[in-house]
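First comes the structure, then the notes that go with it.
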Amino acid sequence: MRTPLIALILCLASLPASAQRLPTNATPTRYSLWFAPDLDKESFRGRASIAVTLAAPSPAITLHSAEIAFSEVTIEDASGSQPAKVSLDADAETATFTVPRAIAKGAATIRISYTGILNDKLRGFYLSKANGRKYAVSQMEATDARRAFPSFDEPAYKAVFDVTLMIDAADHAISNGRQVSDTPGPEPGKHTVVFAPTPKMSTYLVALLVGDFVCRSGSAGVTPIRVCATPDKQGLTAFALSAAEQQVAFFNSYFGIPYPYEKLDIIGVPDFAAGAMENAGAITFRERMLLADEATASVGIRRSVASVIAHELAHQWFGNLVTMKWWDDIWLNEGFATWAANKPLAAWKPEWRMDVNAATETQFALGLDSLRSTRAIHTQVETPAQINEVFDPIAYEKTAGVLGMIEAYVGPEPFRKGVASYLSKYSLGNAAGEDFWTEVTRVTEKPVNRIMKSFVEQPGAPMLSVRTRCVAGNTEVSLKQQRFVGSPGATAAAASQTWTLPVCVKTGTEPASCTIVTEAEQTIRATGCGPAMVNADARGYYFTEYEPAAVAALATRTPPLTAAERISLLGDEWRMVRAGRHDVGTYLDLAAAFASDETAAVVGDMVGRIGVVMSDFAGTAERPAFQAWVRARFRPALDAIGLTDGLGDRDEINSRRGMLMQLLSSDPDVQKRARELAESYMARPSSLSPTLVSPVLQVAAAGGDAVLYDQFLARMKAAASTPEEFYRYFNTLAAFRDPALVARTQRFALSDQVRSQDAPLLFGQLLGSPVTQDGTWSLVKSEWPALVAKLGTFQGIPNIVNSLSAFCSPERASDITAFFDAHPVPEAARVLQQALERIANCTAVKTRQAPAFAKWLSAR
């Protein structure tokens with residue numbers, strides 16, 4: 001699952017009462033499932049026949065069930081069938097079926113008739129709405145298959161699934177298997193669609209979709225592929241189909257294992273909590289993550305659509321074919337899919353620079369890993385609330401970064417062979433983390449197990465403090481490693497942790513020299529002399545602390561650092577500022593050295609952080625002087641490429657132009673030009689490069705008035721059938737600064753006009769800006785019951801809680817703490833802890849860096 005949100009496996013017999021794990025006596029082998037959704041009544045009827053094997057005789061079988069009403073339950077074994085009494089445990093989300101005579105050891109069949117609700121919480125079998133009609137769709141991961149059918153809803157219980165849907169005569173149905181029959185009836189106005197049995201898979205991968213979906217068809221080798229959407233969006237499916245065809249062919253070759261399912265359907269869903277979901281053979285997407293017109297889509301949207309498709313397709317091998325035994329190893333699914341997703345895109349679109357994308361993803365993960373409250377990749381989880389919390393950047397981007405580091409160390413081809421061997425060995429089964437690293441260690445004959453254990457089993461990330469000297473034409477690199485914590489004075493407390501990690505050093509034109517570092521203090525050597533980049537190609541998952549003079553030397557080194565290395569260096573230096581280890585001026589001087597950088601991702605990296613300096617470090621009296629410094633350093637880069645419409649320019653140039661416009665949005669000339677370009681675009685959409693549209697609208701909105709707001713709102717509503725265009729305008733609403741317009745946006749976010757999947761995004765934008773966050777937080781508190789009812793605690797409310805990390809005062813931290821003491825959200829417990837830590841860090845950094853910033857600025 002792609003989402004804009006793990007220790008020892010416990011013996012089941014000794015689990016605590018709150019664990020919600022099932023007894024192990026009964027193991028399912030096959031589900032035969034029948035569903036009859038009633039869209040008008042927002043409910044469904046269901047029948048389930050579950051073939052199980054009992055390890056020992058038992059008078060009862062317990063499985064998962066939530067929001068299900070049972071009509072009849074029988075259990076049949078070799079001695080015959082008998083009715084079962086149903087006992088429900090709402091807290092544990094289980095149902096226990098008890099029979100008069102003990103069920104014999106061996107094969108048995110549970111037959112269940114029941115009813116359920118098509119809920120509005122975007123989980124289980126739920127209701128979606130678009131174009132004046134209703135759809136029934138599903139999202140089972142992580143623990144919501146139990147809301148659609150009684151089940152052994154744990155990933156280790158893999159089974160075959162036979163699915164049948166009786167639906168309205170005019171509707172279509174999609175599930176995991178290929179369709180094998182479609183017959184009228186048996187009830188009036190209905191038809192029955194039967195799907196082929198699936199290979200063995202976990203319950204969380206079951207897909208059910210009902211509605212008037214229409215599809216565009218293609219193929220990759222013997223695999224038929226369809227991309228499906230509501231009828232008004234069928235014209236936006238061609239790009240996704242092209243991407244899927246290329247990626248299936250790529251992964252077939254890369255893994256050496258053919259795509260494991262009979263067909264591939266990819267479906268855009270109007271209401272969807274996650275970004276996408278890797279259901280076996282029937283991948284579901286939020287529409288904005290899938291549907292795009294290649295002719296008018298920005299490069300960001302094209303890359304995002306292709307990347308999310310690649311992530312979900314990689315899951316067909318990582319997660320679906322081979323599944324983690326329990327959710328504490330979710331990184332085996334999500335981290336691998338994140339790591340693998342860049343590979344087909346690098347082959348298909350080299351100009352997208354997926355190596356730079358990987359470096360950016362690593363920096364994102366390191367940001368979370370700099371907190372004391374971060375978690376280990378492998379973290380014990382038991383309850384649904386705990387399970388939902390581990391779908392985070394640690395599972396996704398951190399794991400991907402660690403895998404990329406190991407791949408660079410052992411070599412791409414040996415690592416590919418190790419991965420393929422792991423997939424082959426555990427195909428159609430389950431695996432744990434040690435199964436993976438044991439197999440890759442065996443294949444590569446490198447200490448992958450020692451490296452991975454040190455990164456998987458302890459929280460945080462190492463910081464390497466670097467000192468270098470030239471000795472006889474080579475560089476001697478003295479390293480000191482300790483856990484990095486990104487708050488002034490905090491790192492020393494974590495100094496006892498160490499890692500086993502490959503460190504690769506590049507001093508210039510010579511190839512990188514790589515060494516395994518295991519000690520708290522260790523000296524290594526690199527070929528040649530010169531400014532040493534102690535994270536060659538930015539493939540290492542660690543922080544690097546250079547001396548300030550070394551930072552300046554690396555910025556101007558010949559040959560220059562690669563784009564990925566520049567992102568790594570900027571990230572390292574920013575973290576040293578946040579930890580109070582370096583003054584902010586060292587970072588700002590580095591940013592000035594990269595002001596004319598031609599890689600958009602490098603510019604984008606600086607834009608956000610310079611904004612933080614402006615809002616958190618600069619006092620009110622200092623901001624005009626700092627804005628003048630920003631204009632003096634970065635306006636020449638914008639002038640060099642021009643404040644133009646971007647037509648005819650490469651995507652990379654337009655991406656950089658848009659980022660520079662946002663950085664310089666306080667410049668009256670930039671603001672005026674953005675308004676002109678925005679008005680021209682609204683009058684004639686072809687007048688502006690698609691890649692420039694969003695930044696132009698954002699900059700125009702920042703200085704916009706009520707007239708422009710009304711125009712944007714009208715354009716947004718008119719673009720309901722074109723996701724990218726809709727969100728271009730939707731995402732500008734929080735950028736308007738006029739208090740009356742802010743109030744309108746706040747009311748709009750609360751209204752029924754905003755889908756529950758989108759409201760957290762709008763609230764997050766409002767909470768993220770110093771201009772609008774105080775009033776928005778007051779509104780969130782006053783409207784809390786309504787927000788919880790609308791958004792639910794699955795993903796919506798946790799996303800809002802995460803947005804509170806943008807505050808930067810102890811008073812606000814106390815207020816937030818008090819509020820959630822009175823209104824606890826178990827699903828967001830870790831997110832709240834991390835948000836409060838970020839607020840505390842920001843307060844400490846402001847105290848530490850504000851005087852240093854003032855001194856630096858006065859010298860400019």
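In the structure tokens, the first chain shown is A, the next is B, and so on; residue numbers restart at 1 for each chain, and ligands run from 1 in the order shown.
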
Could you give me, as an MDAnalysis selection string, each residue of region 132-313 of chain A that DSSP assigns to strand (DSSP E) when run on this structure's backbone?
chainID A and resid 133:139 160:168 172:175 179:184 190:195 208:211 214:220 223:229 264:269 276:277 282:286

At a cut-off of 9 Å, using only C-alpha atoms, what residues contact Ser689 (chain A)? Leave out same-chain residues fewer than 4 positions from it and give the result as a list in words.
Thr296, Ser298, Asp645, Gly646, Leu647, Gly648, Asp649, Asp651, Asn654, Pro685 and Val693 of chain A

So that I can check the surroundings of Trp574 (chain A), please list as a PyMOL selection string every protein, DNA and RNA residue that reaches within 12 Å of it, counting only C-alpha atoms and ignoring chain neighbours fewer than 3 positions away.
chain A and resi 363+366-367+370+486-487+543-546+551+567-571+577-591+605-606+608-610+612-613+845+849

Output of the above residues as a short mmCIF file (atom, residue, chain, number, x, y, z; two decimals), in the first residue's frame, restricted to N, CA and C atoms:
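out.cif, written as the output of this step:
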data_model
loop_
_atom_site.label_atom_id
_atom_site.label_comp_id
_atom_site.auth_asym_id
_atom_site.auth_seq_id
_atom_site.Cartn_x
_atom_site.Cartn_y
_atom_site.Cartn_z
N GLN A 363 16.53 11.08 2.29
CA GLN A 363 16.53 12.25 3.15
C GLN A 363 15.21 12.39 3.91
N LEU A 366 15.41 9.91 6.76
CA LEU A 366 16.36 10.35 7.78
C LEU A 366 15.77 11.46 8.65
N GLY A 367 14.90 12.27 8.07
CA GLY A 367 14.25 13.30 8.86
C GLY A 367 13.45 12.70 10.01
N SER A 370 15.67 11.02 12.73
CA SER A 370 16.43 11.91 13.61
C SER A 370 15.71 12.18 14.92
N GLY A 486 18.15 14.78 16.30
CA GLY A 486 18.13 16.12 15.74
C GLY A 486 17.58 17.20 16.63
N SER A 487 18.16 17.34 17.80
CA SER A 487 17.80 18.43 18.70
C SER A 487 19.05 18.87 19.43
N PHE A 543 23.87 9.84 8.48
CA PHE A 543 24.18 11.26 8.50
C PHE A 543 25.71 11.41 8.49
N THR A 544 26.19 12.46 7.86
CA THR A 544 27.62 12.74 7.85
C THR A 544 27.85 14.15 8.40
N GLU A 545 28.72 14.23 9.41
CA GLU A 545 29.07 15.53 9.98
C GLU A 545 30.48 15.90 9.51
N TYR A 546 30.54 16.88 8.61
CA TYR A 546 31.82 17.41 8.13
C TYR A 546 32.18 18.66 8.94
N VAL A 551 32.70 21.38 4.32
CA VAL A 551 31.42 21.61 3.62
C VAL A 551 31.63 22.60 2.47
N ILE A 567 22.26 16.68 -2.85
CA ILE A 567 21.08 16.53 -1.99
C ILE A 567 21.48 15.94 -0.65
N SER A 568 22.37 14.97 -0.66
CA SER A 568 22.85 14.36 0.57
C SER A 568 23.61 15.37 1.43
N LEU A 569 24.49 16.15 0.81
CA LEU A 569 25.26 17.14 1.55
C LEU A 569 24.36 18.21 2.16
N LEU A 570 23.41 18.69 1.38
CA LEU A 570 22.47 19.68 1.90
C LEU A 570 21.67 19.11 3.07
N GLY A 571 21.25 17.86 2.93
CA GLY A 571 20.51 17.22 4.02
C GLY A 571 21.34 17.06 5.27
N VAL A 577 22.54 21.65 11.57
CA VAL A 577 21.95 22.90 12.06
C VAL A 577 20.83 22.59 13.05
N ARG A 578 19.96 21.67 12.71
CA ARG A 578 18.84 21.33 13.58
C ARG A 578 19.31 20.77 14.91
N ALA A 579 20.43 20.06 14.90
CA ALA A 579 20.97 19.49 16.13
C ALA A 579 21.83 20.48 16.91
N GLY A 580 22.02 21.68 16.37
CA GLY A 580 22.84 22.68 17.04
C GLY A 580 24.33 22.39 16.97
N ARG A 581 24.73 21.51 16.07
CA ARG A 581 26.15 21.16 15.94
C ARG A 581 26.88 22.14 15.03
N HIS A 582 26.15 22.77 14.10
CA HIS A 582 26.71 23.82 13.24
C HIS A 582 25.78 25.02 13.29
N ASP A 583 26.33 26.19 13.03
CA ASP A 583 25.51 27.39 12.91
C ASP A 583 24.77 27.38 11.58
N VAL A 584 23.60 28.02 11.56
CA VAL A 584 22.77 28.03 10.36
C VAL A 584 23.49 28.69 9.18
N GLY A 585 24.43 29.58 9.45
CA GLY A 585 25.15 30.23 8.35
C GLY A 585 25.91 29.26 7.48
N THR A 586 26.40 28.16 8.04
CA THR A 586 27.11 27.17 7.22
C THR A 586 26.17 26.59 6.18
N TYR A 587 24.92 26.30 6.59
CA TYR A 587 23.95 25.79 5.62
C TYR A 587 23.60 26.84 4.58
N LEU A 588 23.37 28.07 5.01
CA LEU A 588 22.96 29.11 4.06
C LEU A 588 24.08 29.43 3.07
N ASP A 589 25.31 29.38 3.51
CA ASP A 589 26.43 29.58 2.57
C ASP A 589 26.51 28.43 1.57
N LEU A 590 26.21 27.23 2.03
CA LEU A 590 26.17 26.08 1.11
C LEU A 590 25.04 26.25 0.10
N ALA A 591 23.87 26.67 0.56
CA ALA A 591 22.75 26.91 -0.35
C ALA A 591 23.09 27.98 -1.37
N ASP A 605 14.94 21.09 -2.74
CA ASP A 605 15.44 20.76 -1.41
C ASP A 605 15.74 22.02 -0.61
N MET A 606 16.31 23.02 -1.28
CA MET A 606 16.67 24.26 -0.59
C MET A 606 15.46 25.15 -0.32
N GLY A 608 12.29 24.65 0.59
CA GLY A 608 11.56 24.42 1.84
C GLY A 608 12.36 24.82 3.06
N ARG A 609 13.66 24.53 3.06
CA ARG A 609 14.48 24.81 4.25
C ARG A 609 14.76 26.30 4.41
N ILE A 610 14.91 27.00 3.31
CA ILE A 610 15.06 28.46 3.42
C ILE A 610 13.78 29.07 3.98
N VAL A 612 11.88 27.62 6.16
CA VAL A 612 11.93 27.36 7.60
C VAL A 612 12.81 28.40 8.30
N VAL A 613 13.94 28.73 7.69
CA VAL A 613 14.81 29.77 8.27
C VAL A 613 14.03 31.07 8.38
N VAL A 845 15.75 24.61 18.66
CA VAL A 845 16.59 25.07 17.55
C VAL A 845 16.46 26.58 17.37
N GLN A 849 19.62 28.84 17.29
CA GLN A 849 20.06 29.37 16.00
C GLN A 849 19.70 30.83 15.77
#

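If you count only C-alpha atoms and ignore residues fewer than 2 places along the chain from Cys228 (chain A), what sits within 7 Å of it is Phe213, Val214, Cys215, Arg216, Arg226, Gln234, Ile266, Ile267 and Gly268 of chain A.
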
So, with only C-alpha atoms as the atoms that count, which of A:Asp162, A:Asp293, A:Glu679, A:Asp38 lies closest to Gly189 (chain A)?
A:Asp38

Using only C-alpha atoms, the best pick from A:Pro28, A:Pro723, A:Gly775, A:Pro851 as closest to Val269 (chain A) would be A:Pro723

Which residues are close to region 553-555 of chain A, i.e. within 8 Å by only C-alpha atoms, leaving aside same-chain residues fewer than 4 positions away? Reply as a VMD selection string.
chain A and resid 531 to 533 549 560 to 561 566 590 593 to 594

Could you save the residues just selected, with all heavy atoms, as an mmCIF file, in the first residue's frame?
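What ended up in again07.cif:
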data_model
loop_
_atom_site.group_PDB
_atom_site.id
_atom_site.type_symbol
_atom_site.label_atom_id
_atom_site.label_comp_id
_atom_site.auth_asym_id
_atom_site.auth_seq_id
_atom_site.Cartn_x
_atom_site.Cartn_y
_atom_site.Cartn_z
ATOM 1 N N PRO A 531 38.838 17.068 -1.457
ATOM 2 C CA PRO A 531 37.654 17.073 -0.601
ATOM 3 C C PRO A 531 36.934 15.733 -0.682
ATOM 4 O O PRO A 531 36.568 15.271 -1.768
ATOM 5 C CB PRO A 531 36.799 18.206 -1.187
ATOM 6 C CG PRO A 531 37.789 19.113 -1.847
ATOM 7 C CD PRO A 531 38.843 18.199 -2.403
ATOM 8 N N ALA A 532 36.738 15.079 0.455
ATOM 9 C CA ALA A 532 36.227 13.703 0.484
ATOM 10 C C ALA A 532 34.721 13.693 0.734
ATOM 11 O O ALA A 532 34.251 14.179 1.766
ATOM 12 C CB ALA A 532 36.947 12.909 1.557
ATOM 13 N N MET A 533 33.981 13.120 -0.223
ATOM 14 C CA MET A 533 32.554 12.887 -0.047
ATOM 15 C C MET A 533 32.398 11.528 0.613
ATOM 16 O O MET A 533 32.611 10.492 -0.004
ATOM 17 C CB MET A 533 31.829 12.924 -1.401
ATOM 18 C CG MET A 533 30.338 12.669 -1.311
ATOM 19 S SD MET A 533 29.494 14.015 -0.442
ATOM 20 C CE MET A 533 27.833 13.344 -0.295
ATOM 21 N N ALA A 549 34.623 23.917 7.161
ATOM 22 C CA ALA A 549 35.515 24.186 6.027
ATOM 23 C C ALA A 549 35.403 23.091 4.972
ATOM 24 O O ALA A 549 35.506 23.360 3.771
ATOM 25 C CB ALA A 549 36.956 24.295 6.518
ATOM 26 N N PRO A 560 32.658 18.280 -9.737
ATOM 27 C CA PRO A 560 31.600 18.607 -8.780
ATOM 28 C C PRO A 560 30.908 17.351 -8.257
ATOM 29 O O PRO A 560 30.957 16.289 -8.870
ATOM 30 C CB PRO A 560 30.634 19.469 -9.605
ATOM 31 C CG PRO A 560 30.885 19.070 -11.024
ATOM 32 C CD PRO A 560 32.341 18.733 -11.103
ATOM 33 N N LEU A 561 30.252 17.496 -7.134
ATOM 34 C CA LEU A 561 29.432 16.417 -6.611
ATOM 35 C C LEU A 561 28.295 16.113 -7.586
ATOM 36 O O LEU A 561 27.835 16.987 -8.321
ATOM 37 C CB LEU A 561 28.826 16.816 -5.259
ATOM 38 C CG LEU A 561 29.786 17.182 -4.124
ATOM 39 C CD1 LEU A 561 28.983 17.565 -2.885
ATOM 40 C CD2 LEU A 561 30.744 16.052 -3.823
ATOM 41 N N ARG A 566 24.793 16.171 -3.891
ATOM 42 C CA ARG A 566 24.469 17.525 -3.426
ATOM 43 C C ARG A 566 23.236 17.495 -2.513
ATOM 44 O O ARG A 566 23.190 18.200 -1.495
ATOM 45 C CB ARG A 566 24.252 18.458 -4.616
ATOM 46 C CG ARG A 566 25.501 18.632 -5.477
ATOM 47 C CD ARG A 566 25.421 19.789 -6.424
ATOM 48 N NE ARG A 566 24.399 19.703 -7.442
ATOM 49 C CZ ARG A 566 24.517 19.060 -8.604
ATOM 50 N NH1 ARG A 566 25.640 18.399 -8.886
ATOM 51 N NH2 ARG A 566 23.544 19.068 -9.490
ATOM 52 N N LEU A 590 26.210 27.226 2.027
ATOM 53 C CA LEU A 590 26.170 26.079 1.109
ATOM 54 C C LEU A 590 25.039 26.249 0.097
ATOM 55 O O LEU A 590 25.223 26.015 -1.106
ATOM 56 C CB LEU A 590 25.969 24.789 1.909
ATOM 57 C CG LEU A 590 25.835 23.492 1.108
ATOM 58 C CD1 LEU A 590 27.116 23.190 0.335
ATOM 59 C CD2 LEU A 590 25.496 22.327 2.047
ATOM 60 N N ALA A 593 25.992 28.617 -2.562
ATOM 61 C CA ALA A 593 26.907 28.016 -3.537
ATOM 62 C C ALA A 593 26.160 27.197 -4.573
ATOM 63 O O ALA A 593 26.623 27.032 -5.708
ATOM 64 C CB ALA A 593 27.929 27.144 -2.816
ATOM 65 N N PHE A 594 24.985 26.673 -4.189
ATOM 66 C CA PHE A 594 24.185 25.852 -5.105
ATOM 67 C C PHE A 594 23.016 26.632 -5.710
ATOM 68 O O PHE A 594 22.110 26.048 -6.295
ATOM 69 C CB PHE A 594 23.630 24.627 -4.366
ATOM 70 C CG PHE A 594 24.674 23.608 -3.965
ATOM 71 C CD1 PHE A 594 24.434 22.744 -2.910
ATOM 72 C CD2 PHE A 594 25.874 23.493 -4.657
ATOM 73 C CE1 PHE A 594 25.377 21.793 -2.533
ATOM 74 C CE2 PHE A 594 26.825 22.548 -4.295
ATOM 75 C CZ PHE A 594 26.585 21.701 -3.228
#

Contacts of Arg47 (chain A) within 10 Å, only C-alpha atoms, excl. fewer than 3 positions in-chain, as number ranges by chain:
A: 32-36, 50, 70-73, 111-115, 149-150, 164

Fewer than 3 positions away in the same chain doesn't count, so skip those; otherwise give me all residues within 8 Å of Asn799 (chain A), counting only C-alpha atoms, as a PyMOL selection string.
chain A and resi 5+760-761+764+795-796+802-803

Can you write just those residues out, N, CA, C and O atoms, as an mmCIF file, in the first residue's frame?
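The new file again.cif reads:
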data_model
loop_
_atom_site.group_PDB
_atom_site.id
_atom_site.type_symbol
_atom_site.label_atom_id
_atom_site.label_comp_id
_atom_site.auth_asym_id
_atom_site.auth_seq_id
_atom_site.Cartn_x
_atom_site.Cartn_y
_atom_site.Cartn_z
ATOM 1 N N LEU A 5 1.880 7.377 6.677
ATOM 2 C CA LEU A 5 1.639 7.049 7.299
ATOM 3 C C LEU A 5 2.109 5.688 7.099
ATOM 4 O O LEU A 5 1.007 5.673 7.229
ATOM 5 N N PRO A 760 -8.242 16.011 4.953
ATOM 6 C CA PRO A 760 -6.984 16.074 5.713
ATOM 7 C C PRO A 760 -5.879 16.822 4.984
ATOM 8 O O PRO A 760 -5.043 17.471 5.623
ATOM 9 N N LEU A 761 -5.861 16.734 3.660
ATOM 10 C CA LEU A 761 -4.862 17.464 2.880
ATOM 11 C C LEU A 761 -5.038 18.964 3.059
ATOM 12 O O LEU A 761 -4.070 19.704 3.305
ATOM 13 N N GLY A 764 -4.172 19.952 6.554
ATOM 14 C CA GLY A 764 -2.728 19.879 6.717
ATOM 15 C C GLY A 764 -2.021 21.093 6.156
ATOM 16 O O GLY A 764 -1.059 21.606 6.756
ATOM 17 N N GLN A 795 -7.037 6.799 8.522
ATOM 18 C CA GLN A 795 -5.921 7.599 8.023
ATOM 19 C C GLN A 795 -6.183 9.096 8.148
ATOM 20 O O GLN A 795 -5.256 9.877 8.339
ATOM 21 N N GLY A 796 -7.441 9.513 8.083
ATOM 22 C CA GLY A 796 -7.745 10.936 8.053
ATOM 23 C C GLY A 796 -7.301 11.682 9.288
ATOM 24 O O GLY A 796 -6.527 12.651 9.215
ATOM 25 N N ASN A 802 -0.522 14.552 12.472
ATOM 26 C CA ASN A 802 0.842 14.714 11.969
ATOM 27 C C ASN A 802 1.117 16.162 11.552
ATOM 28 O O ASN A 802 2.235 16.667 11.737
ATOM 29 N N SER A 803 0.117 16.841 11.023
ATOM 30 C CA SER A 803 0.299 18.222 10.566
ATOM 31 C C SER A 803 0.579 19.185 11.711
ATOM 32 O O SER A 803 1.127 20.281 11.486
#

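Of all the residues in region 539-572 of chain A, the ones DSSP labels as helix (DSSP H, G or I) from the backbone are A:Pro548, A:Ala549, A:Ala550, A:Val551, A:Ala552, A:Ala553, A:Leu554, A:Ala555, A:Ala563, A:Ala564, A:Glu565, A:Arg566, A:Ile567, A:Ser568, A:Leu569, A:Leu570, A:Gly571, A:Asp572.
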
For each of A:Arg684, A:Lys672, A:Arg623, A:Arg728, take the minimum atom-to-atom distance to Ala702 (chain A), counting only C-alpha atoms, then give the residue where this is smallest.
A:Lys672

Determine, for each residue of region 322-363 of chain A having at least one atom at most 12 Å from an atom of region 439-458 of chain A, the closest pair of atoms and their separation in Å to one decimal, counting only C-alpha atoms; order by chain and ascending number, as a tab-separated table.
residue	atom	partner	partner_atom	distance
A:Asp328	CA	A:Val456	CA	11.0
A:Asp329	CA	A:Val456	CA	9.7
A:Ile330	CA	A:Val456	CA	11.7
A:Trp331	CA	A:Val456	CA	9.3
A:Leu332	CA	A:Val456	CA	10.8
A:Gly335	CA	A:Val456	CA	11.5
